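Chemist: My structure is stored as model10.cif, with mmCIF, C-alpha atoms.
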```
data_query
#
loop_
_atom_site.label_atom_id
_atom_site.label_comp_id
_atom_site.auth_asym_id
_atom_site.auth_seq_id
_atom_site.Cartn_x
_atom_site.Cartn_y
_atom_site.Cartn_z
CA MET A 6 -9.77 0.86 -24.90
CA PRO A 7 -7.14 -0.51 -22.52
CA VAL A 8 -4.18 -2.22 -24.17
CA LYS A 9 -4.60 -5.99 -23.75
CA LEU A 10 -6.26 -5.48 -20.38
CA SER A 11 -9.65 -6.52 -19.07
CA ALA A 12 -11.23 -6.45 -15.64
CA PRO A 13 -10.57 -9.46 -13.41
CA ALA A 14 -13.04 -12.26 -14.02
CA ALA A 15 -15.47 -13.08 -11.23
CA GLY A 16 -13.86 -15.28 -8.64
CA THR A 17 -10.26 -14.64 -9.70
CA LEU A 18 -9.57 -12.13 -6.92
CA LEU A 19 -9.06 -14.45 -3.98
CA PRO A 20 -10.23 -13.60 -0.46
CA VAL A 21 -7.46 -12.87 2.04
CA LYS A 22 -8.11 -14.27 5.50
CA GLY A 23 -8.95 -11.45 7.88
CA VAL A 24 -9.62 -8.77 5.26
CA LYS A 25 -13.19 -7.62 4.70
CA LEU A 26 -14.32 -5.06 2.15
CA GLY A 27 -17.54 -3.07 1.84
CA PHE A 28 -18.64 -0.48 -0.71
CA ALA A 29 -21.37 2.11 -1.09
CA GLN A 30 -22.86 4.56 -3.56
CA ALA A 31 -22.58 7.87 -1.75
CA HIS A 32 -22.92 10.17 -4.81
CA ILE A 33 -19.62 11.91 -3.99
CA ARG A 34 -19.42 13.30 -7.51
CA LYS A 35 -21.59 11.22 -9.83
CA PRO A 36 -24.83 9.39 -9.04
CA ASN A 37 -25.33 5.64 -9.20
CA ARG A 38 -21.71 4.57 -8.99
CA LYS A 39 -19.66 2.84 -6.32
CA ASP A 40 -17.54 5.58 -4.77
CA ILE A 41 -16.80 4.58 -1.17
CA LEU A 42 -14.75 1.62 0.02
CA VAL A 43 -14.23 0.47 3.60
CA MET A 44 -11.62 -2.21 4.26
CA THR A 45 -11.18 -3.79 7.69
CA LEU A 46 -8.23 -5.69 9.18
CA PRO A 47 -8.00 -7.94 12.23
CA GLU A 48 -6.21 -6.84 15.35
CA GLY A 49 -2.47 -7.48 15.14
CA SER A 50 -2.17 -6.88 11.38
CA SER A 51 1.02 -5.30 10.05
CA VAL A 52 0.53 -2.32 7.72
CA SER A 53 3.06 -0.31 5.73
CA GLY A 54 2.61 2.57 3.30
CA VAL A 55 4.42 4.56 0.63
CA PHE A 56 3.08 7.93 -0.47
CA THR A 57 3.48 10.69 -3.04
CA LEU A 58 6.51 12.98 -2.90
CA ASN A 59 4.40 15.87 -4.21
CA ARG A 60 4.86 18.73 -1.71
CA PHE A 61 1.22 19.69 -2.27
CA CYS A 62 0.13 16.31 -0.95
CA ALA A 63 -3.54 15.79 -0.16
CA ALA A 64 -4.98 15.99 3.34
CA PRO A 65 -5.63 12.23 3.59
CA VAL A 66 -1.98 11.53 2.74
CA THR A 67 -0.92 13.70 5.69
CA VAL A 68 -3.36 11.94 7.99
CA CYS A 69 -2.28 8.48 6.82
CA LYS A 70 1.37 9.23 7.50
CA THR A 71 0.51 10.46 11.00
CA HIS A 72 -1.68 7.50 11.87
CA LEU A 73 0.94 5.01 10.70
CA THR A 74 3.60 6.59 12.91
CA LEU A 75 1.35 6.38 16.00
CA ASN A 76 1.70 2.57 16.00
CA LYS A 77 -1.78 2.05 17.42
CA GLY A 78 -2.55 -0.78 15.03
CA ILE A 79 -4.37 0.01 11.77
CA ARG A 80 -7.79 -1.66 11.68
CA ALA A 81 -9.55 0.01 8.76
CA LEU A 82 -9.09 1.90 5.50
CA LEU A 83 -11.56 4.32 3.93
CA VAL A 84 -11.35 5.27 0.25
CA ASN A 85 -13.51 7.73 -1.63
CA THR A 86 -13.43 8.58 -5.30
CA GLY A 87 -14.76 11.73 -6.96
CA CYS A 88 -12.93 14.27 -4.80
CA ALA A 89 -9.20 14.27 -3.98
CA ASN A 90 -9.42 16.48 -0.88
CA ALA A 91 -6.20 18.11 -2.06
CA GLY A 92 -5.51 21.83 -2.06
CA THR A 93 -8.16 22.18 0.65
CA GLY A 94 -6.13 23.64 3.52
CA GLN A 95 -7.06 23.17 7.17
CA GLN A 96 -10.65 22.33 6.31
CA GLY A 97 -9.41 19.43 4.21
CA LEU A 98 -7.40 18.08 7.13
CA ASP A 99 -10.40 18.47 9.42
CA ASP A 100 -12.56 16.60 6.90
CA ALA A 101 -10.05 13.76 6.54
CA LEU A 102 -9.97 13.38 10.33
CA ALA A 103 -13.76 13.54 10.50
CA SER A 104 -13.99 10.72 7.97
CA CYS A 105 -11.74 8.62 10.22
CA ILE A 106 -14.05 9.36 13.14
CA GLY A 107 -17.03 8.27 11.06
CA VAL A 108 -15.42 4.90 10.27
CA ALA A 109 -14.22 4.48 13.86
CA GLN A 110 -17.71 4.99 15.22
CA ALA A 111 -19.18 2.50 12.77
CA LEU A 112 -16.58 -0.15 13.67
CA ASN A 113 -16.05 0.65 17.38
CA ILE A 114 -12.34 1.36 16.97
CA SER A 115 -10.12 4.41 17.47
CA PRO A 116 -9.98 7.11 14.75
CA GLU A 117 -6.18 6.76 14.82
CA GLN A 118 -6.62 3.18 13.63
CA VAL A 119 -8.18 4.37 10.36
CA LEU A 120 -6.32 5.34 7.17
CA PRO A 121 -8.25 7.69 4.83
CA PHE A 122 -7.69 7.95 1.06
CA SER A 123 -9.26 10.18 -1.57
CA THR A 124 -8.97 10.44 -5.33
CA GLY A 125 -10.62 12.68 -7.89
CA VAL A 126 -10.76 16.40 -8.54
CA ILE A 127 -8.22 18.64 -6.76
CA LEU A 128 -9.10 21.99 -5.13
CA GLU A 129 -12.62 20.96 -4.17
CA MET A 130 -13.99 20.20 -0.71
CA LEU A 131 -15.26 16.76 0.23
CA PRO A 132 -19.06 16.60 0.44
CA MET A 133 -18.91 15.39 4.04
CA ASP A 134 -22.63 14.81 4.48
CA ARG A 135 -22.63 12.34 1.59
CA LEU A 136 -19.32 10.75 2.59
CA LEU A 137 -20.30 10.21 6.22
CA GLY A 138 -23.75 9.09 5.16
CA GLY A 139 -22.27 6.39 2.92
CA ILE A 140 -19.97 4.85 5.52
CA PRO A 141 -22.68 2.82 7.34
CA ASN A 142 -23.82 1.34 4.03
CA ALA A 143 -20.26 0.30 3.19
CA VAL A 144 -19.79 -1.24 6.64
CA ALA A 145 -23.08 -3.09 6.31
CA ASN A 146 -21.87 -5.15 3.33
CA LEU A 147 -18.35 -5.99 4.56
CA GLN A 148 -17.34 -9.34 3.05
CA GLU A 149 -14.09 -11.20 2.38
CA ASP A 150 -15.01 -11.81 -1.29
CA ASN A 151 -15.73 -8.19 -2.20
CA TRP A 152 -12.38 -7.51 -3.90
CA LEU A 153 -13.81 -6.91 -7.38
CA ASN A 154 -16.44 -4.51 -6.03
CA ALA A 155 -13.63 -2.80 -4.11
CA ALA A 156 -11.57 -2.39 -7.28
CA GLU A 157 -14.57 -0.81 -9.00
CA ALA A 158 -15.28 1.50 -6.07
CA ILE A 159 -11.88 3.25 -6.30
CA MET A 160 -11.92 4.00 -10.06
CA THR A 161 -11.88 7.53 -11.49
CA THR A 162 -11.11 7.79 -15.22
CA ASP A 163 -10.11 4.12 -15.27
CA ILE A 164 -11.95 2.13 -17.92
CA VAL A 165 -11.53 -1.24 -16.21
CA ALA A 166 -11.06 -2.37 -12.62
CA LYS A 167 -7.56 -3.59 -11.77
CA GLY A 168 -6.71 -6.49 -9.50
CA THR A 169 -4.76 -9.72 -9.25
CA SER A 170 -4.04 -12.58 -6.85
CA ARG A 171 -1.23 -15.03 -6.10
CA GLN A 172 -0.91 -18.07 -3.88
CA LEU A 173 2.15 -19.81 -2.49
CA THR A 174 3.05 -22.13 0.35
CA ILE A 175 5.14 -20.96 3.30
CA ASP A 176 5.92 -22.98 6.40
CA GLY A 177 3.51 -25.61 5.10
CA LYS A 178 0.66 -23.06 5.05
CA PRO A 179 -1.17 -21.77 1.94
CA ILE A 180 -0.58 -18.03 1.59
CA THR A 181 -2.85 -15.74 -0.41
CA ILE A 182 -1.94 -12.32 -1.85
CA THR A 183 -4.57 -10.09 -3.47
CA GLY A 184 -4.16 -6.54 -4.66
CA ILE A 185 -6.19 -3.84 -6.38
CA SER A 186 -5.17 -0.49 -7.83
CA LYS A 187 -6.57 2.50 -9.66
CA GLY A 188 -4.92 4.96 -11.98
CA SER A 189 -5.17 6.08 -15.58
CA GLY A 190 -3.83 9.63 -15.90
CA MET A 191 -1.55 11.96 -13.92
CA ILE A 192 0.83 9.01 -13.79
CA HIS A 193 4.53 9.54 -13.06
CA PRO A 194 7.05 7.92 -10.70
CA ASN A 195 6.90 8.86 -7.01
CA MET A 196 4.33 7.52 -7.64
CA ALA A 197 1.40 8.29 -9.99
CA THR A 198 -2.24 9.34 -9.55
CA MET A 199 -2.67 5.91 -8.22
CA LEU A 200 -3.98 4.09 -5.23
CA GLY A 201 -2.82 0.56 -4.54
CA TYR A 202 -3.82 -1.89 -1.83
CA ILE A 203 -2.12 -5.26 -1.48
CA ALA A 204 -3.05 -7.68 1.29
CA THR A 205 -1.73 -11.06 2.36
CA ASP A 206 -2.72 -13.41 5.14
CA ALA A 207 0.94 -14.24 5.85
CA ALA A 208 2.40 -13.27 9.22
CA ILE A 209 5.11 -10.70 8.47
CA ALA A 210 7.06 -8.69 11.03
CA GLN A 211 6.75 -4.92 10.60
CA PRO A 212 10.42 -4.30 9.64
CA ALA A 213 10.19 -7.04 7.00
CA LEU A 214 6.95 -5.57 5.64
CA ASP A 215 8.55 -2.11 5.45
CA SER A 216 11.47 -3.59 3.51
CA ILE A 217 9.19 -5.46 1.12
CA ILE A 218 7.07 -2.43 0.24
CA GLN A 219 10.13 -0.33 -0.57
CA HIS A 220 11.50 -3.07 -2.79
CA ALA A 221 8.14 -3.65 -4.47
CA VAL A 222 7.35 0.01 -5.18
CA ASN A 223 10.78 0.64 -6.70
CA LYS A 224 10.28 -2.31 -9.07
CA SER A 225 6.70 -1.42 -9.98
CA PHE A 226 4.84 1.83 -9.34
CA ASN A 227 8.03 3.88 -9.50
CA CYS A 228 8.70 2.44 -12.96
CA ILE A 229 5.54 3.66 -14.70
CA THR A 230 4.63 6.91 -16.37
CA VAL A 231 1.72 7.99 -18.54
CA ASP A 232 1.99 11.76 -18.76
CA GLY A 233 4.77 12.87 -16.41
CA ASP A 234 2.45 14.41 -13.79
CA THR A 235 2.99 13.34 -10.17
CA SER A 236 -0.30 13.36 -8.28
CA THR A 237 -1.07 14.81 -4.87
CA ASN A 238 -2.73 11.63 -3.57
CA ASP A 239 -0.53 8.66 -4.52
CA SER A 240 -0.62 5.88 -1.95
CA LEU A 241 0.41 2.24 -1.82
CA ILE A 242 -0.55 0.19 1.22
CA LEU A 243 0.75 -3.28 2.03
CA MET A 244 -1.13 -5.28 4.69
CA ALA A 245 -0.37 -8.60 6.36
CA THR A 246 -3.06 -10.09 8.59
CA GLY A 247 -1.13 -13.11 9.90
CA GLU A 248 -4.29 -15.22 9.62
CA ALA A 249 -2.61 -17.94 7.51
CA GLY A 250 -0.95 -19.35 10.62
CA ASN A 251 2.65 -19.42 9.39
CA ALA A 252 5.58 -18.61 11.64
CA MET A 253 6.36 -14.87 11.71
CA ILE A 254 8.50 -13.92 8.72
CA THR A 255 11.46 -11.60 9.25
CA GLU A 256 14.11 -10.41 6.83
CA GLN A 257 16.28 -13.28 8.06
CA SER A 258 13.66 -15.97 7.40
CA PRO A 259 14.42 -18.38 4.55
CA GLU A 260 10.91 -17.71 3.19
CA PHE A 261 11.44 -13.94 3.04
CA ALA A 262 12.81 -13.87 -0.52
CA ALA A 263 9.98 -15.94 -2.00
CA LEU A 264 7.34 -13.83 -0.29
CA GLN A 265 9.01 -10.58 -1.36
CA THR A 266 9.12 -11.84 -4.96
CA ALA A 267 5.44 -12.80 -4.93
CA LEU A 268 4.34 -9.47 -3.45
CA THR A 269 6.54 -7.59 -5.91
CA ASP A 270 5.07 -9.54 -8.83
CA VAL A 271 1.58 -8.47 -7.72
CA ALA A 272 2.74 -4.84 -7.53
CA ILE A 273 4.29 -5.05 -11.01
CA GLU A 274 1.12 -6.49 -12.51
CA LEU A 275 -1.01 -3.76 -10.90
CA ALA A 276 1.41 -1.04 -12.03
CA GLN A 277 1.49 -2.30 -15.60
CA ALA A 278 -2.32 -2.47 -15.59
CA ILE A 279 -2.40 1.26 -14.81
CA VAL A 280 -0.28 1.99 -17.89
CA ARG A 281 -2.31 -0.37 -20.08
CA ASP A 282 -5.39 1.60 -18.97
CA GLY A 283 -3.65 4.94 -19.45
CA GLU A 284 -6.03 7.66 -20.56
CA GLY A 285 -6.57 7.12 -24.29
CA ALA A 286 -3.78 4.54 -24.53
CA THR A 287 -3.50 2.36 -27.64
CA LYS A 288 0.09 1.12 -27.20
CA PHE A 289 1.95 -0.31 -24.18
CA MET A 290 5.67 0.45 -24.35
CA THR A 291 8.50 -1.11 -22.39
CA ILE A 292 11.55 1.16 -22.30
CA GLN A 293 14.57 -0.96 -21.41
CA VAL A 294 17.93 0.74 -20.92
CA GLU A 295 20.93 -1.55 -20.60
CA ALA A 296 24.65 -1.41 -19.91
CA GLY A 297 24.68 1.91 -18.09
CA LYS A 298 27.18 3.08 -15.48
CA ASP A 299 24.48 2.99 -12.80
CA GLU A 300 20.73 2.56 -12.48
CA ALA A 301 20.20 6.31 -12.06
CA GLU A 302 21.49 7.16 -15.51
CA CYS A 303 19.56 4.27 -17.04
CA ARG A 304 16.39 5.68 -15.50
CA LYS A 305 17.21 9.16 -16.83
CA VAL A 306 17.33 7.81 -20.36
CA ALA A 307 14.22 5.66 -19.93
CA TYR A 308 12.16 8.52 -18.53
CA ALA A 309 13.37 10.96 -21.20
CA ILE A 310 11.97 8.58 -23.82
CA ALA A 311 8.83 7.70 -21.89
CA HIS A 312 7.89 11.33 -21.16
CA SER A 313 8.42 12.77 -24.64
CA PRO A 314 5.11 13.86 -26.23
CA LEU A 315 6.79 13.68 -29.64
CA ILE A 316 7.74 10.05 -29.12
CA LYS A 317 4.40 9.12 -27.59
CA THR A 318 2.41 10.65 -30.45
CA ALA A 319 4.66 8.97 -33.01
CA PHE A 320 3.92 5.61 -31.43
CA PHE A 321 0.21 6.38 -31.51
CA ALA A 322 0.49 7.03 -35.24
CA SER A 323 2.75 3.99 -35.79
CA ASP A 324 5.16 6.44 -37.38
CA PRO A 325 8.79 5.21 -37.20
CA ASN A 326 10.13 8.74 -36.73
CA LEU A 327 12.79 7.25 -34.48
CA GLY A 328 15.14 10.20 -34.55
CA ARG A 329 12.89 11.51 -31.76
CA ILE A 330 14.14 8.69 -29.55
CA LEU A 331 17.77 9.56 -30.29
CA ALA A 332 17.04 13.17 -29.42
CA ALA A 333 15.54 12.15 -26.07
CA ILE A 334 18.56 9.98 -25.26
CA GLY A 335 20.77 12.94 -26.06
CA TYR A 336 18.98 15.36 -23.72
CA ALA A 337 18.52 12.85 -20.89
CA GLY A 338 21.34 14.45 -18.91
CA ILE A 339 24.31 12.08 -19.35
CA GLU A 340 26.99 14.65 -20.07
CA ASP A 341 29.76 12.21 -21.03
CA LEU A 342 27.58 9.91 -23.17
CA ASP A 343 29.43 8.68 -26.27
CA VAL A 344 26.65 8.32 -28.84
CA ASN A 345 29.02 6.42 -31.14
CA THR A 346 29.17 3.41 -28.83
CA MET A 347 25.46 2.91 -28.07
CA GLN A 348 22.73 1.05 -29.93
CA LEU A 349 18.99 1.61 -30.24
CA TYR A 350 16.63 -1.31 -30.91
CA LEU A 351 12.92 -1.29 -31.68
CA GLY A 352 11.85 -4.78 -30.71
CA ASP A 353 14.54 -6.99 -32.23
CA VAL A 354 15.31 -4.48 -34.96
CA LEU A 355 18.62 -2.60 -34.72
CA VAL A 356 17.75 0.99 -35.60
CA ALA A 357 20.82 3.03 -34.74
CA GLU A 358 24.50 2.46 -33.95
CA LYS A 359 27.83 4.29 -34.39
CA GLY A 360 26.07 7.62 -34.00
CA GLY A 361 23.53 7.16 -36.77
CA ARG A 362 21.14 4.88 -38.65
CA ALA A 363 22.18 1.23 -38.64
CA ALA A 364 23.28 0.08 -42.08
CA SER A 365 20.85 -2.86 -41.92
CA TYR A 366 17.81 -0.79 -40.92
CA VAL A 367 14.96 0.00 -43.30
CA GLU A 368 11.94 2.00 -42.24
CA GLU A 369 9.50 -0.78 -43.10
CA GLN A 370 10.99 -2.79 -40.21
CA GLY A 371 10.31 -0.01 -37.75
CA ALA A 372 6.81 0.56 -39.09
CA ALA A 373 5.96 -3.12 -38.64
CA VAL A 374 7.04 -3.09 -34.99
CA MET A 375 5.18 0.12 -34.25
CA LYS A 376 1.88 -1.33 -35.44
CA GLU A 377 1.99 -3.81 -32.56
CA SER A 378 0.12 -3.04 -29.35
CA ASP A 379 3.04 -4.09 -27.09
CA ILE A 380 6.36 -2.55 -28.09
CA LEU A 381 9.86 -2.91 -26.66
CA VAL A 382 12.36 -0.06 -26.97
CA ARG A 383 15.91 -1.10 -26.05
CA VAL A 384 18.77 1.32 -25.52
CA VAL A 385 22.20 -0.24 -25.00
CA LEU A 386 24.53 2.40 -23.58
CA ASN A 387 27.64 0.21 -23.38
CA ARG A 388 28.97 2.10 -20.36
CA GLY A 389 28.66 -0.50 -17.60
CA ALA A 390 26.48 -3.28 -16.18
CA ALA A 391 23.44 -1.36 -14.83
CA ASN A 392 19.91 -1.66 -16.24
CA ALA A 393 16.51 -0.04 -15.76
CA THR A 394 13.03 -0.61 -17.17
CA VAL A 395 10.15 1.86 -17.40
CA TRP A 396 6.64 1.16 -18.70
CA THR A 397 4.62 3.81 -20.51
CA CYS A 398 1.97 4.27 -23.18
CA ASP A 399 1.30 6.44 -26.21
CA PHE A 400 -0.63 9.71 -26.45
CA SER A 401 -3.82 9.57 -28.51
CA TYR A 402 -6.55 12.06 -29.31
CA ASP A 403 -8.57 10.58 -26.46
CA TYR A 404 -6.01 11.64 -23.85
CA VAL A 405 -6.81 15.27 -24.68
CA LYS A 406 -10.56 14.62 -24.73
CA ILE A 407 -10.56 12.83 -21.37
CA ASN A 408 -8.62 15.55 -19.60
CA ALA A 409 -10.51 18.37 -21.31
CA ASP A 410 -13.76 16.88 -20.01
CA TYR A 411 -12.43 15.59 -16.66
CA ARG A 412 -14.69 17.74 -14.45
CA SER A 413 -17.82 17.47 -16.57
#
```
Spell out the structure here as structure tokens.
Modeler:
Amino acid sequence: MPVKLSAPAAGTLLPVKGVKLGFAQAHIRKPNRKDILVMTLPEGSSVSGVFTLNRFCAAPVTVCKTHLTLNKGIRALLVNTGCANAGTGQQGLDDALASCIGVAQALNISPEQVLPFSTGVILEMLPMDRLLGGIPNAVANLQEDNWLNAAEAIMTTDIVAKGTSRQLTIDGKPITITGISKGSGMIHPNMATMLGYIATDAAIAQPALDSIIQHAVNKSFNCITVDGDTSTNDSLILMATGEAGNAMITEQSPEFAALQTALTDVAIELAQAIVRDGEGATKFMTIQVEAGKDEAECRKVAYAIAHSPLIKTAFFASDPNLGRILAAIGYAGIEDLDVNTMQLYLGDVLVAEKGGRAASYVEEQGAAVMKESDILVRVVLNRGAANATVWTCDFSYDYVKINADYRS
């Protein structure tokens, strides 16, 4: 079960003025499940995206990047689950474009105004007859309050739907932010097997929106890892409809910082939800590396710990075999690291210092911390003022079962 995570309660995902969402059961891979989402935006909306760095990126990722650069005004998004349309060559690109045409015809817009997204099994072709056949049904139930259905429609191995909302006041106008995401396995920075969609009704200039999404992704989705695998389909989309009626926000606006913080907080909550719903997860771990020379080396140490199967299985077993953490710190790639000046904490418990076990540490302390479902690992490098935080989860028996049976 997810670690201290449940699906959003009915009514907690707030409608965003101008955004409508519709879903359908198109039987892309499994019968009787929501597997298509159509999201529409009003004319004049600002849209920005961040995508996987995997060189084997999926066909819809390629199409999304192209359509965003055309600057024709994005009016709709199409998401399917069950098939990733990755590793599908030219036919995959043709299918992604055909799906855009299908949405465009249903909404009377241009295909270049549609962003397609897919998630699911790699190296299989999209069942285009089912996909195209499901689009009219999704369009038929477009509603502003369909966010929870939308979150359910993009799930793959996720156990629970993921979504959150925020509200704030800008320029005397109430501003709403709502976001949904999916992801459970194949999770690693840049970004994860994840899809994320965050919308606000604030009016935000395109350069400001581009700046916000880069800031938000680096503080959220690029700080999570479940299993170290970077997916072919990762996408995060940030949308601003401008329907709230506030004055256009630029990077120079006094309201910019507050809006960026609120949008980033939504991204962080969605990213952490992905880790809490990691495949087979029983523990949620925060890896906090402090006092490094720069953020890059702090991230190296954090990821070395977060990616280690030995560490992740020890946490699953609540086994305080914490020498595994010291080993990961040592191989993280900091060549001039002085292990005699750093400290390792498990929660508030000092575990190691001066190159070895802390004199005050007894294993019962570590065992008590490791039985908790939320665990903090702190590494204090004592080399500078930089910090970095990464969120991860443990490896349980169920992780193997889920991935062994993924295509069944």
Chemist: With only C-alpha atoms counted, which protein, DNA or RNA residues have an atom no more than 12 Å from (20.9, 9.3, -24.0) in the file frame? Please answer as a count of residues only.
Modeler: 40
Chemist: Using only C-alpha atoms, can you tell me which of A:Glu377, A:Ile180, A:Ala409, A:Asp150 comes closest to Ala263 in chain A?
Modeler: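 When distances to Ala263 in chain A are compared using only C-alpha atoms, the smallest one comes from A:Ile180.
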Chemist: I need the residue set behind the PyMOL selection byres ((chain A and resi 315) around 12) for this file; please write it as a PyMOL selection string.
Modeler: chain A and resi 309-314+316-322+324-333+399-401
Chemist: Using only the atoms of range 143-158 of chain A listed in the file, plus 3 Å on each side, state the axis-aligned box centre and edge lengths in Å rounded to one decimal, as lines of an AutoDock Vina configuration file.
Modeler:
```
center_x = -17.3
center_y = -5.2
center_z = -1.2
size_x = 17.5
size_y = 19.3
size_z = 21.6
```
Chemist: Can you pull out every residue within 9 Å of Leu200 in chain A, counting only C-alpha atoms, but drop anything in the same chain fewer than 3 positions away, and send it as a list in words?
Modeler: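 The filter keeps Phe122, Ser123, Thr124, Ile159, Ile185, Ser186, Lys187, Gly188, Ala197, Asn238, Asp239, Ser240, Leu241 and Ile242 of chain A.
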Chemist: Have a look at CA of Gln110 in chain A and CA of Ile140 in chain A and let me know their distance in Å, one decimal.
Modeler: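 Calculated distance between CA of Gln110 in chain A and CA of Ile140 in chain A is 10.0 Å.
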Chemist: Kindly give the distance, in Å, that separates CA of Ala207 in chain A and CA of Phe28 in chain A, rounded to a single decimal.
Modeler: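 Answer for the CA of Ala207 in chain A to CA of Phe28 in chain A separation: 24.8 Å.
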Chemist: Report as a PyMOL selection string the residues that result from applying the PyMOL selection byres ((chain A and resi 65) around 7) to the structure here.
Modeler: chain A and resi 63-64+66-69+101+121-123
Chemist: Can you list, as an NGL selection string, every protein, DNA or RNA residue that comes within 12 Å of range 224-228 of chain A when you count all atoms listed in the file, leaving out same-chain residues fewer than 3 positions away?
Modeler: :A and (55-58 or 186-188 or 192-201 or 217-221 or 231 or 233 or 235 or 239-242 or 265-266 or 268-280 or 290-293 or 303-305 or 307-308 or 311 or 393-397)
Chemist: Out of A:Gly54, A:Gly168, A:Gly177, A:Gly361, which residue has the shortest atom-to-atom distance to Thr17 in chain A when counting all atoms listed in the file?
Modeler: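 Of the candidates, the smallest distance to Thr17 in chain A is held by A:Gly168.
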Chemist: Expand the PyMOL selection byres ((chain A and resi 33) around 12) into the individual residues it matches in the shown file, reporting them as a short mmCIF file (atom, residue, chain, number, x, y, z; two decimals) with C-alpha atoms, in the frame of the given file.
Modeler:
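Done, and the output landed in expr.cif:
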```
data_model
loop_
_atom_site.label_atom_id
_atom_site.label_comp_id
_atom_site.auth_asym_id
_atom_site.auth_seq_id
_atom_site.Cartn_x
_atom_site.Cartn_y
_atom_site.Cartn_z
CA ALA A 29 -21.37 2.11 -1.09
CA GLN A 30 -22.86 4.56 -3.56
CA ALA A 31 -22.58 7.87 -1.75
CA HIS A 32 -22.92 10.17 -4.81
CA ARG A 34 -19.42 13.30 -7.51
CA LYS A 35 -21.59 11.22 -9.83
CA PRO A 36 -24.83 9.39 -9.04
CA ASN A 37 -25.33 5.64 -9.20
CA ARG A 38 -21.71 4.57 -8.99
CA LYS A 39 -19.66 2.84 -6.32
CA ASP A 40 -17.54 5.58 -4.77
CA ILE A 41 -16.80 4.58 -1.17
CA VAL A 84 -11.35 5.27 0.25
CA ASN A 85 -13.51 7.73 -1.63
CA THR A 86 -13.43 8.58 -5.30
CA GLY A 87 -14.76 11.73 -6.96
CA CYS A 88 -12.93 14.27 -4.80
CA ALA A 89 -9.20 14.27 -3.98
CA ASN A 90 -9.42 16.48 -0.88
CA SER A 123 -9.26 10.18 -1.57
CA THR A 124 -8.97 10.44 -5.33
CA GLY A 125 -10.62 12.68 -7.89
CA VAL A 126 -10.76 16.40 -8.54
CA GLU A 129 -12.62 20.96 -4.17
CA MET A 130 -13.99 20.20 -0.71
CA LEU A 131 -15.26 16.76 0.23
CA PRO A 132 -19.06 16.60 0.44
CA MET A 133 -18.91 15.39 4.04
CA ASP A 134 -22.63 14.81 4.48
CA ARG A 135 -22.63 12.34 1.59
CA LEU A 136 -19.32 10.75 2.59
CA LEU A 137 -20.30 10.21 6.22
CA GLY A 138 -23.75 9.09 5.16
CA GLY A 139 -22.27 6.39 2.92
CA ILE A 140 -19.97 4.85 5.52
CA ALA A 158 -15.28 1.50 -6.07
CA ILE A 159 -11.88 3.25 -6.30
CA THR A 161 -11.88 7.53 -11.49
#
```
Chemist: For CA of Ile229 in chain A and CA of Gly371 in chain A, quote the distance in Å rounded to one decimal.
Modeler: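 Value for the CA of Ile229 in chain A-CA of Gly371 in chain A distance: 23.8 Å.
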Chemist: Just checking: using only C-alpha atoms, which residue out of A:Asn76, A:Ser323, A:Thr205, A:Asn154 ends up closest to Leu173 in chain A?
Modeler: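 Distance minimum relative to Leu173 in chain A lands on A:Thr205.
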Chemist: Can you tell me which residues surround Ile114 in chain A at a distance of at most 10 Å, considering all atoms listed in the file, apart from same-chain residues fewer than 5 positions away, and format the answer as an NGL selection string?
Modeler: :A and (79-81 or 105-106 or 108-109 or 119)
Chemist: Which one is closest to Glu260 in chain A: A:Ile209, A:Val8, A:Ala301, A:Leu82? Count all atoms listed in the file.
Modeler: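 Nearest candidate to Glu260 in chain A out of A:Ile209, A:Val8, A:Ala301, A:Leu82: A:Ile209.
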Chemist: My list of candidates is A:Gln96, A:Thr71, A:Gln211, A:Ser216. Which is closest to Val52 in chain A when distances are computed with only C-alpha atoms?
Modeler: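 The answer is A:Gln211, which sits nearest to Val52 in chain A.
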